[in-house]
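Visitor: Quick one, upload-v2.txt (compact mmCIF, C-alpha atoms):
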```txt
# COMPACT_ATOMS: atom_id res chain seq x y z
CA MET A 948 140.61 232.45 -32.53
CA ALA A 949 143.84 230.94 -31.23
CA SER A 950 144.14 227.19 -30.82
CA GLU A 951 144.48 225.84 -27.29
CA LEU A 952 148.06 226.01 -26.04
CA GLU A 953 147.79 224.30 -22.68
CA GLU A 954 151.09 222.39 -22.79
CA THR A 955 153.22 225.33 -23.95
CA PRO A 956 151.52 228.70 -23.37
CA PHE A 957 154.07 230.59 -25.48
CA SER A 958 155.76 229.43 -28.66
CA ALA A 959 159.52 228.77 -28.75
CA GLU A 960 159.95 231.83 -30.95
CA GLU A 961 157.97 233.97 -28.52
CA GLN A 962 159.97 232.68 -25.55
CA ALA A 963 163.28 233.41 -27.30
CA CYS A 964 162.37 236.98 -28.22
CA ASP A 965 161.86 237.78 -24.55
CA ASP A 966 165.33 236.65 -23.46
CA GLU A 967 167.54 239.29 -21.87
CA PRO A 968 170.94 239.84 -23.54
CA TYR A 969 172.58 241.02 -20.33
CA SER A 970 172.80 240.26 -16.63
CA PRO A 971 172.04 242.48 -13.64
CA SER A 972 174.85 244.14 -11.74
CA TYR A 973 174.90 245.14 -8.09
CA LYS A 974 177.04 247.23 -5.86
CA ILE A 975 179.30 245.23 -3.56
CA ALA A 976 177.35 246.48 -0.53
CA GLU A 977 174.17 245.03 -1.98
CA ARG A 978 175.58 241.54 -2.31
CA GLU A 979 175.16 240.60 1.33
CA VAL A 980 173.42 237.28 1.85
CA ASN A 981 172.31 236.07 5.27
CA THR A 982 172.24 232.30 5.56
CA ASN A 983 171.70 229.99 8.50
CA PRO A 984 173.01 226.43 8.24
CA ALA A 985 170.89 223.85 10.06
CA ASP A 986 170.94 220.10 10.39
CA PRO A 987 167.54 219.01 11.77
CA ASP A 988 166.71 215.34 11.98
CA VAL A 989 163.83 213.82 10.02
CA GLU A 990 161.57 213.75 13.08
CA THR A 991 162.00 217.51 13.55
CA ILE A 992 161.33 218.17 9.87
CA LEU A 993 158.14 216.10 9.94
CA LYS A 994 156.93 217.99 13.00
CA ARG A 995 157.60 221.36 11.33
CA ILE A 996 155.67 220.25 8.25
CA GLU A 997 152.71 219.16 10.41
CA GLU A 998 152.73 222.46 12.30
CA LYS A 999 152.95 224.36 8.96
CA ASN A 1000 156.19 226.03 9.98
CA LEU A 1001 157.82 224.35 6.99
CA ILE A 1002 155.89 224.54 3.72
CA LEU A 1003 156.64 221.86 1.15
CA ARG A 1004 154.31 222.97 -1.60
CA PRO A 1005 153.51 226.68 -1.97
CA ASP A 1006 150.05 227.67 -3.18
CA PHE A 1007 149.34 227.00 -6.86
CA GLN A 1008 152.64 225.11 -7.34
CA ARG A 1009 152.61 221.95 -9.42
CA ALA A 1010 152.25 218.60 -7.67
CA SER A 1011 154.96 216.05 -6.94
CA VAL A 1012 156.88 214.86 -10.00
CA TRP A 1013 158.71 211.91 -8.39
CA ASN A 1014 157.25 208.44 -8.86
CA ASN A 1015 157.13 205.85 -6.05
CA THR A 1016 160.35 204.17 -7.17
CA GLN A 1017 162.26 207.44 -6.93
CA LYS A 1018 160.73 208.12 -3.54
CA SER A 1019 161.58 204.59 -2.37
CA ARG A 1020 165.22 204.94 -3.39
CA LEU A 1021 165.48 208.07 -1.25
CA ILE A 1022 164.11 206.16 1.77
CA GLU A 1023 166.61 203.39 1.04
CA SER A 1024 169.42 205.97 0.97
CA LEU A 1025 168.34 207.22 4.40
CA LEU A 1026 168.41 203.67 5.78
CA LEU A 1027 171.83 202.99 4.25
CA ASN A 1028 173.18 206.28 5.57
CA LEU A 1029 174.08 207.44 2.06
CA PRO A 1030 174.67 211.16 1.45
CA ILE A 1031 171.57 213.25 0.71
CA PRO A 1032 171.93 216.59 -1.13
CA PRO A 1033 171.24 219.60 1.11
CA CYS A 1034 167.88 221.39 1.01
CA PHE A 1035 167.55 225.16 0.63
CA LEU A 1036 164.78 227.06 2.39
CA ALA A 1037 163.43 230.60 2.07
CA GLU A 1038 162.57 232.30 5.36
CA ASP A 1039 159.59 234.64 5.66
CA GLU A 1040 159.40 237.60 8.05
CA ASP A 1041 157.19 235.56 10.40
CA GLY A 1042 159.73 232.75 10.61
CA THR A 1043 157.87 230.38 8.29
CA ARG A 1044 160.17 228.54 5.91
CA VAL A 1045 159.40 227.42 2.36
CA VAL A 1046 161.31 224.69 0.56
CA VAL A 1047 162.80 226.07 -2.65
CA ASP A 1048 165.30 223.33 -3.47
CA GLY A 1049 164.73 219.84 -2.06
CA GLN A 1050 160.95 219.84 -2.25
CA GLN A 1051 160.74 216.38 -3.85
CA ARG A 1052 163.08 214.84 -1.26
CA LEU A 1053 161.23 216.19 1.77
CA ARG A 1054 157.85 215.44 0.24
CA SER A 1055 158.93 211.83 -0.35
CA ILE A 1056 159.84 211.43 3.32
CA ASP A 1057 156.57 213.00 4.45
CA ASP A 1058 154.55 210.82 2.05
CA PHE A 1059 156.23 207.62 3.28
CA TYR A 1060 155.81 208.57 6.94
CA HIS A 1061 152.06 209.10 6.39
CA GLY A 1062 151.64 205.81 4.52
CA ARG A 1063 150.91 207.32 1.11
CA PHE A 1064 153.02 204.75 -0.74
CA ALA A 1065 154.76 201.42 -0.24
CA LEU A 1066 158.45 200.92 -0.96
CA THR A 1067 159.14 199.58 -4.42
CA GLY A 1068 162.08 198.97 -6.73
CA LEU A 1069 164.67 198.76 -3.94
CA GLN A 1070 167.92 197.19 -5.14
CA VAL A 1071 169.81 196.78 -1.86
CA LEU A 1072 167.16 196.38 0.83
CA LYS A 1073 164.94 194.18 -1.35
CA ASP A 1074 163.18 192.59 1.63
CA LEU A 1075 161.54 195.99 2.34
CA ASN A 1076 159.77 196.16 -1.02
CA ASP A 1077 155.96 196.45 -0.70
CA LYS A 1078 156.25 197.68 2.90
CA LYS A 1079 154.74 200.89 4.24
CA TRP A 1080 155.94 202.89 7.22
CA ASP A 1081 153.57 201.30 9.73
CA VAL A 1082 155.01 197.80 9.18
CA LEU A 1083 158.69 198.74 9.36
CA PRO A 1084 160.63 197.19 12.24
CA PRO A 1085 160.96 199.78 15.07
CA LYS A 1086 164.71 199.78 14.62
CA LEU A 1087 164.37 201.00 11.05
CA ASP A 1088 161.76 203.69 11.59
CA ARG A 1089 163.89 205.12 14.42
CA LYS A 1090 166.87 205.12 12.08
CA ILE A 1091 164.95 207.20 9.55
CA LEU A 1092 163.59 209.61 12.19
CA GLN A 1093 167.06 210.19 13.62
CA ARG A 1094 168.69 210.75 10.23
CA VAL A 1095 170.00 214.31 9.88
CA ILE A 1096 169.10 216.36 6.79
CA ARG A 1097 171.43 219.19 5.94
CA THR A 1098 169.57 222.45 5.18
CA LEU A 1099 170.56 226.01 4.43
CA VAL A 1100 168.10 228.81 5.24
CA ILE A 1101 168.28 232.01 3.17
CA SER A 1102 167.18 234.70 5.62
CA HIS A 1103 164.53 237.28 4.71
CA TYR A 1104 167.13 239.90 5.66
CA SER A 1105 169.13 239.08 2.52
CA ASN A 1106 169.06 241.51 -0.39
CA PRO A 1107 165.87 240.56 -2.33
CA ALA A 1108 167.51 240.71 -5.77
CA ILE A 1109 170.47 238.58 -4.72
CA ARG A 1110 168.17 236.21 -2.85
CA PHE A 1111 166.14 235.63 -6.01
CA GLU A 1112 169.33 235.07 -7.99
CA ILE A 1113 170.51 232.48 -5.45
CA PHE A 1114 167.36 230.44 -5.88
CA GLU A 1115 167.66 230.73 -9.66
CA ARG A 1116 171.19 229.32 -9.53
CA LEU A 1117 170.08 226.50 -7.27
CA ASN A 1118 167.73 225.41 -10.04
CA SER A 1119 169.99 222.84 -11.65
CA GLY A 1120 167.96 219.68 -11.11
CA GLY A 1121 166.03 217.56 -13.57
CA GLU A 1122 162.98 219.84 -13.53
CA PRO A 1123 164.03 223.30 -12.36
CA LEU A 1124 161.49 225.83 -11.12
CA THR A 1125 160.43 228.67 -13.37
CA GLU A 1126 161.10 232.22 -12.19
CA GLN A 1127 157.45 232.64 -11.24
CA GLU A 1128 157.47 229.38 -9.28
CA ILE A 1129 160.36 230.82 -7.26
CA ARG A 1130 158.37 233.99 -6.62
CA ASN A 1131 155.35 231.90 -5.73
CA ALA A 1132 157.39 230.07 -3.10
CA THR A 1133 159.24 233.05 -1.64
CA LEU A 1134 156.73 235.90 -1.99
CA ARG A 1135 153.45 234.39 -0.80
CA GLY A 1136 150.71 236.81 0.23
CA THR A 1137 147.52 238.57 -0.83
CA PHE A 1138 148.99 239.76 -4.12
CA ASN A 1139 149.96 236.22 -5.08
CA VAL A 1140 146.43 235.03 -4.30
CA MET A 1141 145.07 237.79 -6.55
CA LEU A 1142 147.36 236.69 -9.40
CA ASN A 1143 145.90 233.21 -9.17
CA SER A 1144 142.35 234.54 -9.11
CA LEU A 1145 142.96 236.55 -12.29
CA ALA A 1146 144.84 233.70 -14.00
CA THR A 1147 141.96 231.28 -13.42
CA SER A 1148 139.18 233.65 -14.45
CA PRO A 1149 137.14 232.55 -17.51
CA THR A 1150 137.74 235.89 -19.25
CA PHE A 1151 141.51 235.61 -19.03
CA LEU A 1152 141.58 231.93 -19.99
CA SER A 1153 139.43 232.65 -23.02
CA ALA A 1154 141.80 235.42 -24.09
CA MET A 1155 144.75 233.04 -23.75
CA GLY A 1156 142.93 230.34 -25.70
CA VAL A 1157 143.27 227.74 -22.92
CA LYS A 1158 141.01 225.84 -20.52
CA LYS A 1159 143.28 226.27 -17.50
CA PRO A 1160 146.34 228.37 -16.67
CA ASP A 1161 149.84 227.09 -17.31
CA ALA A 1162 150.92 224.64 -14.58
CA ARG A 1163 154.34 226.31 -14.39
CA LEU A 1164 152.73 229.69 -13.57
CA ARG A 1165 153.77 231.44 -16.79
CA HIS A 1166 150.29 232.94 -17.10
CA HIS A 1167 150.56 234.22 -13.54
CA GLU A 1168 153.85 235.86 -14.50
CA LEU A 1169 152.24 237.49 -17.53
CA ILE A 1170 149.63 239.14 -15.31
CA LEU A 1171 152.36 240.25 -12.90
CA ARG A 1172 154.15 241.78 -15.90
CA PHE A 1173 151.18 244.10 -16.54
CA PHE A 1174 151.27 245.53 -13.02
CA ALA A 1175 155.05 245.68 -12.63
CA VAL A 1176 155.93 247.16 -16.02
CA ARG A 1177 153.02 249.61 -15.93
CA SER A 1178 154.36 250.95 -12.63
CA THR A 1179 157.79 251.59 -14.21
CA ALA A 1180 156.58 253.15 -17.48
CA GLY A 1181 158.33 256.40 -16.60
CA ASN A 1182 161.63 254.76 -15.68
CA TYR A 1183 161.87 251.25 -17.11
CA LYS A 1184 165.20 249.67 -16.15
CA PRO A 1185 165.76 245.99 -17.03
CA PRO A 1186 166.39 243.19 -16.24
CA LEU A 1187 162.69 242.42 -16.40
CA LYS A 1188 162.89 239.51 -13.94
CA MET A 1189 164.09 241.89 -11.22
CA ILE A 1190 161.34 244.41 -12.00
CA LEU A 1191 158.79 241.62 -11.57
CA SER A 1192 160.34 240.30 -8.36
CA GLU A 1193 160.67 243.73 -6.76
CA TYR A 1194 157.08 244.71 -7.56
CA MET A 1195 155.77 241.46 -6.15
CA ARG A 1196 157.90 241.89 -3.03
CA LEU A 1197 156.60 245.42 -2.43
CA HIS A 1198 152.95 244.42 -2.87
CA ARG A 1199 152.98 240.87 -1.50
CA ASN A 1200 150.81 241.78 1.51
CA GLU A 1201 148.66 244.48 -0.12
CA ASP A 1202 145.48 245.25 1.86
CA GLN A 1203 142.10 244.22 0.49
CA ASN A 1204 141.25 247.70 -0.82
CA GLY A 1205 144.48 247.73 -2.78
CA ILE A 1206 143.87 244.21 -4.09
CA LYS A 1207 140.36 245.13 -5.26
CA ALA A 1208 141.69 248.24 -7.02
CA MET A 1209 144.42 246.23 -8.76
CA ALA A 1210 142.02 243.53 -9.92
CA ALA A 1211 139.60 246.17 -11.21
CA LEU A 1212 142.42 247.88 -13.14
CA PHE A 1213 143.47 244.62 -14.77
CA ASN A 1214 139.92 243.62 -15.68
CA GLN A 1215 139.18 247.04 -17.17
CA ALA A 1216 142.40 246.98 -19.20
CA GLN A 1217 141.50 243.54 -20.55
CA ALA A 1218 137.97 244.67 -21.36
CA ASN A 1219 139.34 247.69 -23.25
CA THR A 1220 141.73 245.49 -25.22
CA ALA A 1221 139.00 242.99 -26.06
CA THR A 1222 136.76 245.82 -27.25
CA VAL A 1223 139.34 246.78 -29.88
CA PHE A 1224 140.87 243.44 -30.86
CA GLY A 1225 138.20 240.87 -30.03
CA PRO A 1226 139.59 237.31 -30.18
CA ASP A 1227 142.86 238.64 -31.67
CA LEU A 1228 143.92 240.50 -28.54
CA PHE A 1229 147.52 240.00 -27.40
CA ARG A 1230 148.62 238.65 -30.82
CA ARG A 1231 151.17 240.07 -33.26
CA TYR A 1232 149.99 241.14 -36.72
CA ARG A 1233 152.34 240.30 -39.57
CA VAL A 1234 152.68 238.72 -43.00
CA LYS A 1235 153.11 234.96 -43.18
CA ASP A 1236 153.18 232.99 -46.42
CA GLY A 1237 152.17 236.15 -48.23
CA VAL A 1238 149.07 236.75 -46.12
CA ALA A 1239 148.73 239.42 -43.43
CA GLY A 1240 146.95 238.46 -40.25
CA PHE A 1241 147.07 237.96 -36.49
CA GLU A 1242 149.10 235.07 -35.12
CA ASN A 1243 147.53 232.27 -33.11
CA SER A 1244 149.94 232.38 -30.17
CA VAL A 1245 149.95 235.08 -27.50
CA SER A 1246 152.82 237.56 -27.57
CA LYS A 1247 154.01 238.74 -24.17
CA ALA A 1248 155.24 242.02 -25.64
CA VAL A 1249 151.90 242.69 -27.37
CA PHE A 1250 150.03 241.76 -24.18
CA GLU A 1251 152.13 244.27 -22.27
CA LEU A 1252 151.75 246.98 -24.94
CA GLU A 1253 147.99 246.67 -25.40
CA MET A 1254 147.14 246.25 -21.73
CA ILE A 1255 149.30 249.12 -20.49
CA SER A 1256 148.41 251.65 -23.20
CA LEU A 1257 144.67 250.95 -23.25
CA SER A 1258 144.41 250.83 -19.44
CA TYR A 1259 144.74 254.64 -19.48
CA ILE A 1260 141.89 255.27 -21.94
CA ASP A 1261 138.18 255.63 -21.21
CA HIS A 1262 136.19 252.61 -22.35
CA ALA A 1263 133.52 254.67 -24.11
CA ALA A 1264 136.17 256.48 -26.14
CA LEU A 1265 137.59 253.15 -27.31
CA VAL A 1266 134.16 251.86 -28.27
CA ALA A 1267 133.66 254.94 -30.46
CA LYS A 1268 137.00 254.42 -32.27
CA GLN A 1269 137.30 250.64 -32.07
CA ALA A 1270 137.83 250.00 -35.79
CA GLU A 1271 140.21 252.94 -36.13
CA VAL A 1272 142.44 251.77 -33.29
CA ARG A 1273 142.59 248.21 -34.61
CA HIS A 1274 143.43 249.42 -38.13
CA ALA A 1275 146.20 251.65 -36.73
CA PHE A 1276 147.81 248.68 -34.97
CA GLU A 1277 147.66 246.55 -38.12
CA THR A 1278 149.11 249.32 -40.29
CA LEU A 1279 151.89 250.17 -37.83
CA SER A 1280 152.85 246.49 -37.56
CA LEU A 1281 153.21 246.15 -41.34
CA THR A 1282 154.71 249.52 -42.28
CA ASN A 1283 157.05 250.39 -39.42
CA GLN A 1284 160.00 248.01 -39.18
CA ASN A 1285 161.19 249.45 -35.86
CA PHE A 1286 157.78 248.77 -34.30
CA ALA A 1287 157.62 245.23 -35.69
CA GLU A 1288 161.14 244.43 -34.47
CA SER A 1289 160.42 245.86 -31.02
CA LEU A 1290 157.72 243.21 -30.67
CA SER A 1291 159.86 240.38 -32.02
CA ARG A 1292 163.41 240.61 -30.66
CA ALA A 1293 164.87 241.26 -27.19
CA THR A 1294 161.47 242.63 -26.24
CA ASP A 1295 162.42 243.45 -22.65
CA HIS A 1296 165.30 245.72 -23.72
CA ARG A 1297 164.83 249.32 -22.53
CA LYS A 1298 165.26 250.87 -26.00
CA ARG A 1299 162.77 248.52 -27.66
CA PHE A 1300 160.32 248.86 -24.78
CA TYR A 1301 160.12 252.62 -25.19
CA GLN A 1302 160.32 252.43 -28.96
CA ARG A 1303 157.14 250.38 -29.33
CA LEU A 1304 155.31 252.18 -26.54
CA LYS A 1305 156.02 255.65 -27.97
CA LEU A 1306 155.25 254.67 -31.57
CA TRP A 1307 151.94 253.13 -30.53
CA ASP A 1308 151.04 255.95 -28.17
CA TRP A 1309 151.61 258.48 -30.97
CA GLU A 1310 149.05 256.60 -33.08
CA LEU A 1311 146.57 256.89 -30.22
CA VAL A 1312 147.32 260.61 -29.86
CA LYS A 1313 146.57 261.17 -33.58
CA MET A 1314 143.15 259.59 -32.98
CA GLY A 1315 142.48 261.93 -30.06
CA LEU A 1316 143.18 259.20 -27.48
CA GLY A 1317 146.13 260.75 -25.71
CA SER A 1318 146.32 259.95 -22.00
CA ASP A 1319 148.34 260.29 -18.83
CA LEU A 1320 150.70 257.75 -20.36
CA THR A 1321 151.42 260.24 -23.16
CA VAL A 1322 152.54 262.77 -20.57
CA VAL A 1323 154.76 260.19 -18.84
CA LEU A 1324 156.40 259.09 -22.09
CA SER A 1325 157.11 262.70 -23.11
CA THR A 1326 159.60 262.98 -20.21
CA VAL A 1327 161.46 259.73 -20.96
CA GLN A 1328 164.89 259.87 -22.53
CA ASP A 1329 165.42 256.41 -24.06
```
Have the structure of the file written as structure tokens, please.

Guide:
Amino acid sequence: MASELEETPFSAEEQACDDEPYSPSYKIAEREVNTNPADPDVETILKRIEEKNLILRPDFQRASVWNNTQKSRLIESLLLNLPIPPCFLAEDEDGTRVVVDGQQRLRSIDDFYHGRFALTGLQVLKDLNDKKWDVLPPKLDRKILQRVIRTLVISHYSNPAIRFEIFERLNSGGEPLTEQEIRNATLRGTFNVMLNSLATSPTFLSAMGVKKPDARLRHHELILRFFAVRSTAGNYKPPLKMILSEYMRLHRNEDQNGIKAMAALFNQAQANTATVFGPDLFRRYRVKDGVAGFENSVSKAVFELEMISLSYIDHAALVAKQAEVRHAFETLSLTNQNFAESLSRATDHRKRFYQRLKLWDWELVKMGLGSDLTVVLSTVQD
């Protein structure tokens, strides 16, 4: 069984083999971005936060990373009228706005206003150290409330792919958001709630070898990968990050019947995979130090391969050929260099995606486990 990998859910080697060697391209007409500059004062921002028209922390996102000294220095900057970097917001169809860049700054202001910390470590306004909002002189609290914060709102009318890329490029701070954290902030809805439910389920956590899902939502992204890539099996066109974002956008407000069907599909696929591979599910099989065996760390490419291929096969059929299927995977991993490389290098590349899927599906066909996926793959020209 894999050791617990709570701090880093995927090894550095595994992360590197998933990197895309190319960038997306768009037609000029698709590059349109709708933005609305706005300069609300702090009082307006605080009111919007209270009314939940401005969301500082999307569901499942990690907590504040600024300490009280960092927060205090921001308040000092407001009082000294020093420049504050602009904040970038994502607008939903209902007009709700989510902070994508500037979350720590706005959260610091909101925390101070509600008395959640006292000022500390101030270098210029030292006499304000140890003071909370409620004991500030009226002149100073008015100064903060009237201070204007520059914001730029990326409209929901903007091209979704370009919009996602904008938020990626904004991620240049000390602790940038992961791609899934961006999706979590900009594509909230029933599908996102389902991802969290699956990511926190005991069955999934046990398969990952962890006690809780990754705080940066990488496990959520892995589950999204199953749904998104499975839906494009007949026409897989990288970059992967755009496939994931587009699928989540299309299904963000899926109705409850759809959500139940999706969750059932995922759970059945995982049950099928566990039937064959037991505690070694989602791991690569290869020789290390002269000994063949399954790795400890989860492979995203193997997760995708096993979950997608076995999701099409009847559970009873897999139970009957459990040992045969497992042996086929081990043998293919050791004897077919193309298959092994397709799981180890540039794994999201179209050619390698279809290479591993077709090679593995052919093994299943030889065991009498051909499926609808076999039919789909027979029409693909890779």

Visitor: Got a sec: who's within 9 Å of Thr1220 in chain A, counting only C-alpha atoms, leaving out chain neighbours fewer than 3 positions off, as a list in words?

Guide: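 Close residues of Thr1220 in chain A: Gln1215, Ala1216, Gln1217, Val1223, Phe1224, Gly1225, Leu1228, Phe1229, Glu1253, Met1254, Leu1257, Ser1258 and Leu1265 of chain A.
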
Visitor: Nearest to Ile1129 in chain A: which of A:Asp1058, A:Asp1081, A:Glu1168, A:Glu990 is it, counting only C-alpha atoms?

Guide: A:Glu1168

Visitor: Work out how far apart CA of Leu1164 in chain A and CA of Glu1128 in chain A are and give it in Å to one decimal.

Guide: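 Separation between CA of Leu1164 in chain A and CA of Glu1128 in chain A: 6.4 Å.
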
Visitor: Write out as a short mmCIF file (atom, residue, chain, number, x, y, z; two decimals) with C-alpha atoms, keeping the file's coordinate frame each polymer residue whose atoms come within 9 Å of Val1266 in chain A, counting all atoms listed in the file; drop sequence neighbours fewer than 4 positions from it.

Guide:
```cif
data_model
loop_
_atom_site.label_atom_id
_atom_site.label_comp_id
_atom_site.auth_asym_id
_atom_site.auth_seq_id
_atom_site.Cartn_x
_atom_site.Cartn_y
_atom_site.Cartn_z
CA ASN A 1219 139.34 247.69 -23.25
CA THR A 1222 136.76 245.82 -27.25
CA VAL A 1223 139.34 246.78 -29.88
CA ASP A 1261 138.18 255.63 -21.21
CA HIS A 1262 136.19 252.61 -22.35
CA ALA A 1270 137.83 250.00 -35.79
#
```

Visitor: Counting all atoms listed in the file, what is within 12 Å of range 1085-1087 of chain A, bar same-chain residues fewer than 6 positions away, as a list in words?

Guide: Ile1022, Glu1023, Leu1025, Leu1026, Leu1027, Asn1028, Leu1072, Leu1075, Lys1078, Lys1079, Gln1093 and Arg1094 of chain A

Visitor: Counting only C-alpha atoms, what is within 10 Å of Ala1175 in chain A, bar same-chain residues fewer than 4 positions away, as a list in words?

Guide: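 My reading of the contact set: Leu1169, Ile1170, Leu1171, Thr1179, Ala1180, Tyr1183, Leu1187, Met1189, Ile1190, Leu1191, Ser1192, Glu1193, Tyr1194 and Met1195 of chain A.
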
Visitor: Counting all atoms listed in the file, figure out which residue out of A:Arg1292, A:Arg1163, A:Lys1207, A:Lys1188 gets nearest to Leu1145 in chain A.

Guide: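 Using all atoms listed in the file, Leu1145 in chain A sits closest to A:Lys1207.
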
Visitor: Show me, as an MDAnalysis selection string, the residues that have an atom within 6 Å of Val1046 in chain A when counting all atoms listed in the file, minus same-chain residues fewer than 4 positions from it.

Guide: chainID A and resid 1003 1036 1050

Visitor: Could you check how far CA of Ser1105 in chain A sits from CA of Asp1057 in chain A, in Å to one decimal?

Guide: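 Result for CA of Ser1105 in chain A versus CA of Asp1057 in chain A: 29.0 Å, one decimal.
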
Visitor: Nearest residue to Asn1139 in chain A out of A:Pro1005, A:Gly1317, A:Pro1033, A:Pro956, using only C-alpha atoms?

Guide: A:Pro1005

Visitor: When you count all atoms listed in the file, which of these residues is closest to Asp1308 in chain A: A:Pro1185, A:Trp1013, A:Thr1278, A:Leu1252?

Guide: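 Nearest candidate to Asp1308 in chain A out of A:Pro1185, A:Trp1013, A:Thr1278, A:Leu1252: A:Leu1252.
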